Amino acid sequence: MSEIVVKAEKLVRRLGGEVPVTLVDEVSLDIAMGEFVAITGPSGSGKSSVLYLLGLLDSPTSGRLFLNGVETSRLDDDQLADLRLAEIGFVFQSFFLLPEFSALENVMLPMQRLGRLSGGAMRERAADLLAAFDLGEQLHKLPRQLSGGQSQRVAIARALANDPPLILADEPTGNLDVHASQNVMRIVRDLAHGGNRAVVVVTHEPFFAESADRMITIIDGKIWTPVPDRKEAIVVPR
Amino acid sequence: MNRVLFLIATKHVLARQRQSIVSTLGIVLGVAFFLAVAGLMQGSQSDFIRRLIDTSPHITISDEFRLPRAQPVETVYASGAVDLRSAKPANEPRGIRGYERILETLRAIPGTRASPVLNGQGLVRIAGTDVAVSLSGMIPSQMRDITVVADDMVAGSIDALAADANGIIIGDALAKRLAIGVGGMLPLAIGDGQTHFLQVVGLFHTGRMNYDESQAFLNLKRVQSLLGRPARVNSIIVKLADPYQARVVASRVEKSGGYKSVSWQEATEDLMASLAIRNVIVYAVVGAVLVVAALGIYNVISTTVMEKRRDIAILKSIGFHARDIQLIFLFEGLLLGIAGSVLGLMLGAALMWSLGKVTMKYPGTSEDYPLPVDWSIFVFLIGLAFAMGASLSAAFLPARKGARVNPAEILRGS
Ligand SMILES: Nc1ncnc2c1ncn2[C@@H]1O[C@H](COP(=O)(O)OP(=O)(O)O)[C@@H](O)[C@H]1O
Ligand SMILES: [Mg+2]
């Protein structure tokens, strides 16, 4: 029996406007502690949109989302931000480090906002995280002085800063060369191994996706389930 | 926690040095301009008022009435439909009656000096033209306390006036026109057509041309005899320990004796009103300058907000609140405002210092005076408050816009 970190019930995200667009269509899923889940699907199918909903960056048009058993629809913006700070770590395709801050300072940001550690302890933890990702020499470099692979590892260290139970990564290897990709994939895969964290990764890399405990395919905003008794190929509507 | 927000703000400001400096420059110039103008204005105003208080009586009581005497018909039918026309204020050919009693009451107020005066006119013939001279008959021992003439004596003395019953003190400008000096005899024509010869015992120089050319001081008794009004006075001049009590004391005197008592504030009401208008105009101009300066700050902060939308989205995705984001940009306004104010106060102080070195001739005076500059902390505080207020309100709108950035929208776009 495993503890459920994320429970989504029929999440729908629709954009209004002249032509309403349904980004996410009745997505339901449970993600357990220690699980490593990959989300794949054609581009534009709504993978990022699902991830933003799970990460409380966006609110569903309908449906319910539980994070560690807490129903999130009635929370206000500040409460959602507090949950993101303590419970969720994000990793994005284009790193998204603050350009004026060094690697160390970028990793310290979430800890400083949370304010649970002393200044010295924050610094020490940030340096440890970076050193664990082979960035011990890069602590005081600015993002523009780092390679893509180094930047993404700083971003992962930042996502781990407050030791959140949920890590969400949106195509974390999308901007990296083969070597750096493999490095980052290994790190992300290992994040879930400790058993006290769940990791959800959106990826186009087949090997990466297949190495996950579970693979979810999103097509047209819906979770696609293979139908075993049908032989013909699925025609992806685009 | 606010420390990290302040750090982010500092980095934003430092990352765009050129724009930050340019926008700060507006505030610097605005504050400096304000200080120079307000310091000079405040300075000239208090200098003006100080001169006024020093050189003129705080209260002048004259032998006139402001209102006609209450007529019997009005007192009897106080609430009736009675309309009495053409009642005029009485005039008092006998001067101020019972002036000794008024002097006594006034002198009972601690620190108050009051002196009886008989004012009149005389004529002096200069090169074929008659020039009017204002004669003030006073008790010489009291002149020292109540007028500033004692300070302005350039030849002779007030004591000499006390010693010589036929003496006269005139301005140096008049003496020059008459080619007369101390010890000379001044021929003075009075209304009766007779010419009296008075001995010049002193000369004063106030720097006010008109005064120096037309004012003369004599013994009270001498003027009373010259004008044929023995034992009469037509004016009482008063100096108070606290000049700002003048209104109150004047109205009390007027209520009890009925004689018109004019405080220096009342006498200069028009001037004071124009000073107030001048203040309003200058503060409005300076306010406009600072509004323009604030636009510079608004511009740089809203540009920063626009360019930092991605960073804002990142901070929000990490878990920063909307309020945190707003604070970051308010801090930026604060930083620019503080930098601008500090530099502006320094530049302004330098400007004030150099203005204080400038000397010029005021209209109606014959000497150069340094420009009066007011160095009161008040001017500096107002400048600071103006600048900080302008910077913070300039930051407010962009800060709120930044706080409203929707992270999902931005991240989806990139
Ligand atoms: N603001 C928007 N307005 C209209 N369409 C949008 C907007 N944002 C995203 N979309 C569309 O929604 C779909 C899902 O987007 P996304 O979740 O980013 O897909 P994925 O991450 O799978 O590539 C795409 O077709 C995208 O073009
Ligand atoms: Mg995507």
# chains A, B, ... in the order shown; residues from 1 in each chain; ligands from 1
>>> interface_residues(of="chain B", to="chain A", cutoff="10 Å", atoms="only C-alpha atoms", output="mmCIF file with C-alpha atoms, in the first residue's frame")
data_model
loop_
_atom_site.group_PDB
_atom_site.id
_atom_site.type_symbol
_atom_site.label_atom_id
_atom_site.label_comp_id
_atom_site.auth_asym_id
_atom_site.auth_seq_id
_atom_site.Cartn_x
_atom_site.Cartn_y
_atom_site.Cartn_z
ATOM 1 C CA MET B 1 11.908 36.986 3.753
ATOM 2 C CA ASN B 2 11.614 40.624 2.722
ATOM 3 C CA ARG B 3 15.387 40.583 2.550
ATOM 4 C CA VAL B 4 15.325 38.307 -0.496
ATOM 5 C CA LEU B 5 12.731 40.569 -2.149
ATOM 6 C CA LEU B 7 17.899 41.634 -2.908
ATOM 7 C CA ILE B 8 15.954 40.883 -6.089
ATOM 8 C CA LYS B 11 19.748 43.259 -8.594
ATOM 9 C CA HIS B 12 17.089 44.501 -11.008
ATOM 10 C CA LEU B 14 21.805 47.401 -10.709
ATOM 11 C CA ALA B 15 21.339 45.242 -13.796
ATOM 12 C CA LYS B 308 10.830 40.483 -16.173
ATOM 13 C CA ARG B 310 9.314 35.485 -17.223
ATOM 14 C CA ASP B 311 11.198 35.957 -13.950
ATOM 15 C CA ILE B 312 7.968 36.894 -12.209
ATOM 16 C CA ALA B 313 6.391 33.685 -13.520
ATOM 17 C CA ILE B 314 9.389 31.712 -12.242
ATOM 18 C CA LEU B 315 9.184 33.301 -8.797
ATOM 19 C CA LYS B 316 5.472 32.572 -8.664
ATOM 20 C CA SER B 317 6.012 28.974 -9.745
ATOM 21 C CA ILE B 318 8.540 28.641 -6.928
ATOM 22 C CA GLY B 319 5.888 29.853 -4.475
ATOM 23 C CA PHE B 320 6.310 33.612 -4.134
ATOM 24 C CA HIS B 321 3.041 35.433 -3.424
ATOM 25 C CA ALA B 322 1.574 38.179 -5.610
ATOM 26 C CA ARG B 323 2.304 40.582 -2.766
ATOM 27 C CA ASP B 324 5.983 39.575 -2.788
ATOM 28 C CA ASN B 406 -0.311 34.802 -14.552
ATOM 29 C CA PRO B 407 2.553 32.286 -14.458
ATOM 30 C CA ALA B 408 0.808 29.577 -16.505
ATOM 31 C CA GLU B 409 0.167 32.037 -19.313
ATOM 32 C CA LEU B 411 5.311 29.710 -19.121
ATOM 33 C CA ARG B 412 2.988 28.258 -21.728
ATOM 34 C CA SER B 414 7.701 30.270 -23.724
#
>>> select_by_dssp(residues="stretch 49-204 of chain A", states="alpha helix (DSSP H)", output="ChimeraX atom specification")
/A:49-54,77-87,103-114,119-132,148-159,178-193
>>> residues_near_ligand(ligand="ligand 2", cutoff="8 Å", atoms="only C-alpha atoms and all ligand atoms", output="list of chain:residue names")
A:Ser43, A:Gly44, A:Gly46, A:Lys47, A:Ser48, A:Ser49, A:Asp170, A:Glu171, A:Val202, B:Arg412
>>> select_by_dssp(residues="stretch 27-206 of chain A", states="strand (DSSP E or B)", output="MDAnalysis selection string")
chainID A and resid 27:32 36:40 62:67 70:71 88:91 166:170 198:202
>>> write_last_selection(atoms="C-alpha atoms", output="CSV table (one decimal), in the first residue's frame")
chain,number,residue,atom,x,y,z
A,27,VAL,CA,-8.0,13.7,-16.8
A,28,SER,CA,-8.1,11.5,-13.8
A,29,LEU,CA,-5.0,9.9,-12.2
A,30,ASP,CA,-3.4,9.0,-8.9
A,31,ILE,CA,0.3,9.3,-8.3
A,32,ALA,CA,1.8,7.5,-5.4
A,36,PHE,CA,8.1,7.9,-11.3
A,37,VAL,CA,5.5,8.7,-13.9
A,38,ALA,CA,6.2,9.8,-17.5
A,39,ILE,CA,3.8,11.7,-19.6
A,40,THR,CA,4.1,11.5,-23.3
A,62,SER,CA,-13.9,21.7,-13.4
A,63,GLY,CA,-12.8,18.6,-11.6
A,64,ARG,CA,-11.0,18.2,-8.4
A,65,LEU,CA,-7.4,17.9,-7.4
A,66,PHE,CA,-6.0,16.6,-4.1
A,67,LEU,CA,-2.4,17.2,-3.0
A,70,VAL,CA,-5.8,18.4,0.6
A,71,GLU,CA,-8.6,19.5,-1.8
A,88,ILE,CA,6.2,21.0,-5.3
A,89,GLY,CA,9.4,21.5,-7.3
A,90,PHE,CA,9.3,22.6,-10.9
A,91,VAL,CA,11.8,21.9,-13.7
A,166,LEU,CA,6.4,16.2,-5.7
A,167,ILE,CA,8.7,17.0,-8.6
A,168,LEU,CA,7.2,18.1,-11.9
A,169,ALA,CA,9.5,18.3,-14.9
A,170,ASP,CA,8.3,19.6,-18.3
A,198,ALA,CA,6.9,11.3,-6.5
A,199,VAL,CA,8.3,12.5,-9.9
A,200,VAL,CA,6.2,13.3,-13.0
A,201,VAL,CA,8.1,14.0,-16.2
A,202,VAL,CA,6.8,15.2,-19.5
>>> atom_distance(atom1="atom CA of B:Thr112", atom2="atom CA of B:Val238")
7.2 Å
>>> residues_around(residues="B:Phe6", least_positions_apart="6", cutoff="10 Å", atoms="only C-alpha atoms", output="number ranges by chain")
B: 12, 324, 327-332, 335
>>> residues_around(residues="B:Lys176", least_positions_apart="5", cutoff="10 Å", atoms="only C-alpha atoms", output="PyMOL selection string")
chain B and resi 171+181+213
>>> write_last_selection(atoms="N, CA and C atoms", output="PDB file, in the first residue's frame")
ATOM      1  N   GLY B 171      16.927 111.604   7.952  1.00  0.00           N
ATOM      2  CA  GLY B 171      17.637 110.589   7.191  1.00  0.00           C
ATOM      3  C   GLY B 171      18.832 111.177   6.455  1.00  0.00           C
ATOM      4  N   GLY B 181      24.506 118.966   7.596  1.00  0.00           N
ATOM      5  CA  GLY B 181      25.072 117.916   8.431  1.00  0.00           C
ATOM      6  C   GLY B 181      24.675 118.128   9.866  1.00  0.00           C
ATOM      7  N   GLU B 213      14.549 109.661   2.955  1.00  0.00           N
ATOM      8  CA  GLU B 213      14.382 110.981   2.345  1.00  0.00           C
ATOM      9  C   GLU B 213      13.285 111.809   2.985  1.00  0.00           C
TER      10      GLU B 213
END
>>> residues_around(residues="A:Glu35", least_positions_apart="6", cutoff="10 Å", atoms="only C-alpha atoms", output="number ranges by chain")
A: 2, 4-5, 166, 189, 191-200, 212-214
>>> write_last_selection(atoms="N, CA and C atoms", output="compact mmCIF listing (two decimals), in the first residue's frame")
# COMPACT_ATOMS: atom_id res chain seq x y z
N SER A 2 0.52 2.16 -0.91
CA SER A 2 1.36 3.36 -0.98
C SER A 2 0.52 4.61 -0.79
N ILE A 4 -0.87 8.22 -1.50
CA ILE A 4 -1.16 8.96 -2.73
C ILE A 4 -0.74 10.43 -2.55
N VAL A 5 0.14 10.90 -3.44
CA VAL A 5 0.59 12.30 -3.35
C VAL A 5 -0.37 13.20 -4.13
N LEU A 166 6.78 16.32 -4.25
CA LEU A 166 6.38 16.18 -5.65
C LEU A 166 7.29 17.01 -6.55
N ARG A 189 15.49 10.32 -12.75
CA ARG A 189 15.03 8.98 -12.43
C ARG A 189 15.37 8.64 -10.97
N LEU A 191 15.66 10.62 -8.53
CA LEU A 191 14.95 11.43 -7.52
C LEU A 191 13.83 10.65 -6.86
N ALA A 192 13.15 9.79 -7.65
CA ALA A 192 12.02 9.05 -7.11
C ALA A 192 12.46 7.85 -6.28
N HIS A 193 13.72 7.40 -6.49
CA HIS A 193 14.15 6.16 -5.87
C HIS A 193 14.14 6.16 -4.36
N GLY A 194 14.44 7.31 -3.74
CA GLY A 194 14.47 7.35 -2.29
C GLY A 194 13.17 6.89 -1.66
N GLY A 195 12.06 6.98 -2.42
CA GLY A 195 10.78 6.53 -1.90
C GLY A 195 10.00 7.61 -1.18
N ASN A 196 10.61 8.75 -0.92
CA ASN A 196 9.86 9.81 -0.23
C ASN A 196 9.51 10.96 -1.17
N ARG A 197 9.37 10.61 -2.45
CA ARG A 197 9.09 11.64 -3.43
C ARG A 197 8.38 11.01 -4.62
N ALA A 198 7.50 11.79 -5.25
CA ALA A 198 6.91 11.34 -6.51
C ALA A 198 7.43 12.25 -7.61
N VAL A 199 7.70 11.69 -8.79
CA VAL A 199 8.25 12.48 -9.88
C VAL A 199 7.38 12.29 -11.11
N VAL A 200 6.96 13.41 -11.71
CA VAL A 200 6.20 13.35 -12.96
C VAL A 200 7.00 14.10 -14.02
N ALA A 212 10.23 4.68 -16.93
CA ALA A 212 9.38 5.10 -15.82
C ALA A 212 8.58 3.94 -15.27
N ASP A 213 8.09 4.11 -14.03
CA ASP A 213 7.24 3.09 -13.44
C ASP A 213 5.93 2.99 -14.21
N ARG A 214 5.52 4.12 -14.74
CA ARG A 214 4.24 4.17 -15.43
C ARG A 214 4.33 5.23 -16.51
